[in-house]
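See below for the structure under consideration.
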Amino acid sequence: MAIMGEWADDVDVAVAVTVEALSAVAGGGGDGEQEWAEAAHGLEWSCRKTAVHIASDFAGYATQLTGRSAEGYAPYEIVARPGTDARGLVRIVGATGGLLSAVVRTTPADVRAWHPYGDAGPDGFAAMGILEALLHTHDIVTALTGTGWRPPAGRCERIVDRVLDRLFPHAHRPAGADPWTVLLHATGRAEAGDGTARPSAWRWYADPVRSERLLLCEISPPDGADLHGGGSGGFHWAEGGPEEGTRFAGGMVVKAYEDGSYRPGWGSYAIVRAEDGRAVGGVGFHAAPDQEGAVEIGYDVVASARGRGYAAEALAALVRRALTDPAVRLVRATVDHPNAASHAVVARAGFQRVSADAENVRYELRPAE
């Protein structure tokens, strides 16, 4: 429980910093509609709507944990009463932030609840709440003052660093860059400290698949569209990446989303090297399990990162995750005859050769009896 207490303390600090910053721009009274009706910096939402969004996240994340939700958000909405002034909005933010802190502090560490970016425990929802509060405070204050806002380093640098470690293991972290600059870059709000362009698509990862050296970060439909269109998908790639196979897989994710067959967890993943956050390839499923419980898996690795065992490690990690689902009864892989390295990869991952034709060899792996 001590670890969750540390995360709750971090939520308290983030809420306090948020309330202080928003109070400073809330004015001395009135309905607060005119300035707060303007768009928050970099967003389509108004400052007012963005403040309510922070409160909605706080309350929603707390509810996910107290309700032990396994699928979807609880069907309710946080709203501000008509006529609520800016100071009232700040009160709502502070009150709901206290709810999240209290829930994180008292929720067992092994509790898991649904989030569209992956199931998470109290630490994950605490990190998400801190992230939403600090980033959107930046968006609101920057819009209202014309000056870029950042949380006070003495109070928040360690907290921001913990949020990066928990939610952005793939973030590009140039040598010497401070955590806030890294976070702004990872969320598409700024250039990186070394001049790297801001990503055109981004997301965080509440529950990446982890192995000894790698993190497997699922490619969402927006990420897939960015990759398929020639972008980075929000990842910082090893030299020469991504490969065409990964870009094609991104397009498959988009197609599945558009035709209604997309299921989170059963698409493509970027293979991210834990030591430096660089993406070195892709691995994933062609589709969700079919009626017989079968899935097919594929992968590729950037040429500059081959020969280090990343493909076999990523494949084995994702297969282990898949086989925890009782609906999965068979994992398939298809390898063309000349690809000796790929034959070795599937063999090391435990696949058995079952058939072949003139072009390909087919492999299968079933759950242990």
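Convention: chains lettered A, B, ... in structure tokens order; per-chain residue numbering from 1; ligands numbered from 1 as shown.
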Neighbour list for stretch 136-140 of chain A as a PDB file with N, CA, C and O atoms, in the first residue's frame, cut-off 8 Å, only C-alpha atoms, skip fewer than 6 positions in-chain:
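Writing done, so here's result-v8.pdb:
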ATOM      1  N   THR A  18      -2.251  22.415 -10.161  1.00  0.00           N
ATOM      2  CA  THR A  18      -3.284  22.751 -11.138  1.00  0.00           C
ATOM      3  C   THR A  18      -4.243  23.807 -10.591  1.00  0.00           C
ATOM      4  O   THR A  18      -4.551  24.800 -11.268  1.00  0.00           O
ATOM      5  N   ALA A  21      -2.524  27.246 -10.419  1.00  0.00           N
ATOM      6  CA  ALA A  21      -2.312  27.872 -11.724  1.00  0.00           C
ATOM      7  C   ALA A  21      -3.630  28.351 -12.331  1.00  0.00           C
ATOM      8  O   ALA A  21      -3.704  29.451 -12.895  1.00  0.00           O
ATOM      9  N   LEU A  22      -4.672  27.543 -12.210  1.00  0.00           N
ATOM     10  CA  LEU A  22      -5.959  27.937 -12.781  1.00  0.00           C
ATOM     11  C   LEU A  22      -6.604  29.059 -11.973  1.00  0.00           C
ATOM     12  O   LEU A  22      -7.269  29.941 -12.537  1.00  0.00           O
ATOM     13  N   ALA A  40      -8.599  26.464 -25.782  1.00  0.00           N
ATOM     14  CA  ALA A  40      -7.352  26.197 -25.073  1.00  0.00           C
ATOM     15  C   ALA A  40      -6.228  26.033 -26.095  1.00  0.00           C
ATOM     16  O   ALA A  40      -6.463  25.669 -27.255  1.00  0.00           O
ATOM     17  N   HIS A  41      -5.009  26.281 -25.676  1.00  0.00           N
ATOM     18  CA  HIS A  41      -3.863  26.264 -26.585  1.00  0.00           C
ATOM     19  C   HIS A  41      -3.706  24.889 -27.255  1.00  0.00           C
ATOM     20  O   HIS A  41      -3.576  23.871 -26.578  1.00  0.00           O
ATOM     21  N   GLY A  42      -3.748  24.880 -28.576  1.00  0.00           N
ATOM     22  CA  GLY A  42      -3.539  23.649 -29.327  1.00  0.00           C
ATOM     23  C   GLY A  42      -4.722  22.709 -29.371  1.00  0.00           C
ATOM     24  O   GLY A  42      -4.635  21.617 -29.935  1.00  0.00           O
ATOM     25  N   LEU A  43      -5.852  23.117 -28.771  1.00  0.00           N
ATOM     26  CA  LEU A  43      -7.026  22.254 -28.701  1.00  0.00           C
ATOM     27  C   LEU A  43      -8.216  22.908 -29.405  1.00  0.00           C
ATOM     28  O   LEU A  43      -8.254  24.125 -29.595  1.00  0.00           O
ATOM     29  N   CYS A  47     -11.394  26.737 -23.080  1.00  0.00           N
ATOM     30  CA  CYS A  47     -10.738  26.602 -21.776  1.00  0.00           C
ATOM     31  C   CYS A  47     -11.717  26.044 -20.742  1.00  0.00           C
ATOM     32  O   CYS A  47     -11.357  25.225 -19.886  1.00  0.00           O
ATOM     33  N   THR A  50     -12.151  22.379 -21.313  1.00  0.00           N
ATOM     34  CA  THR A  50     -10.928  21.673 -20.947  1.00  0.00           C
ATOM     35  C   THR A  50     -10.837  21.502 -19.440  1.00  0.00           C
ATOM     36  O   THR A  50     -10.420  20.444 -18.947  1.00  0.00           O
ATOM     37  N   ALA A  51     -11.241  22.521 -18.678  1.00  0.00           N
ATOM     38  CA  ALA A  51     -11.244  22.391 -17.218  1.00  0.00           C
ATOM     39  C   ALA A  51     -12.212  21.315 -16.770  1.00  0.00           C
ATOM     40  O   ALA A  51     -11.905  20.494 -15.883  1.00  0.00           O
ATOM     41  N   ILE A  54     -10.702  17.921 -17.316  1.00  0.00           N
ATOM     42  CA  ILE A  54      -9.791  17.486 -16.249  1.00  0.00           C
ATOM     43  C   ILE A  54     -10.585  16.848 -15.113  1.00  0.00           C
ATOM     44  O   ILE A  54     -10.247  15.755 -14.624  1.00  0.00           O
ATOM     45  N   GLY A 148       3.818  30.380 -22.332  1.00  0.00           N
ATOM     46  CA  GLY A 148       3.861  28.936 -22.090  1.00  0.00           C
ATOM     47  C   GLY A 148       4.003  28.631 -20.606  1.00  0.00           C
ATOM     48  O   GLY A 148       4.875  29.196 -19.925  1.00  0.00           O
ATOM     49  N   TRP A 149       3.134  27.766 -20.100  1.00  0.00           N
ATOM     50  CA  TRP A 149       3.152  27.413 -18.671  1.00  0.00           C
ATOM     51  C   TRP A 149       3.874  26.089 -18.482  1.00  0.00           C
ATOM     52  O   TRP A 149       3.788  25.186 -19.320  1.00  0.00           O
ATOM     53  N   ARG A 150       4.560  25.961 -17.368  1.00  0.00           N
ATOM     54  CA  ARG A 150       5.140  24.680 -16.973  1.00  0.00           C
ATOM     55  C   ARG A 150       4.995  24.532 -15.462  1.00  0.00           C
ATOM     56  O   ARG A 150       5.016  25.529 -14.729  1.00  0.00           O
TER      57      ARG A 150
END
Problem set entry | DSSP helix (DSSP H, G or I) selection over stretch 15-195 of chain A, as a ChimeraX atom specification | /A:15-24,33-36,47-67,86-106,122-145,153-167,179-186
For this session: Please return as an MDAnalysis selection string: the residues of stretch 161-343 of chain A that backbone DSSP assigns to strand (DSSP E).
Result: chainID A and resid 209:210 214:218 236:237 268:273 278:285 294:301 330:336
Exercise. Neighbours of A:Pro367 within 9 Å (only C-alpha atoms; same-chain residues fewer than 2 positions away dropped), as a PyMOL selection string?
Worked result: chain A and resi 323-324+328-331+365+369
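Closest to A:Gly251 among A:Asp226, A:Ala303, A:Pro208, A:Arg273 is A:Asp226, based on only C-alpha atoms.
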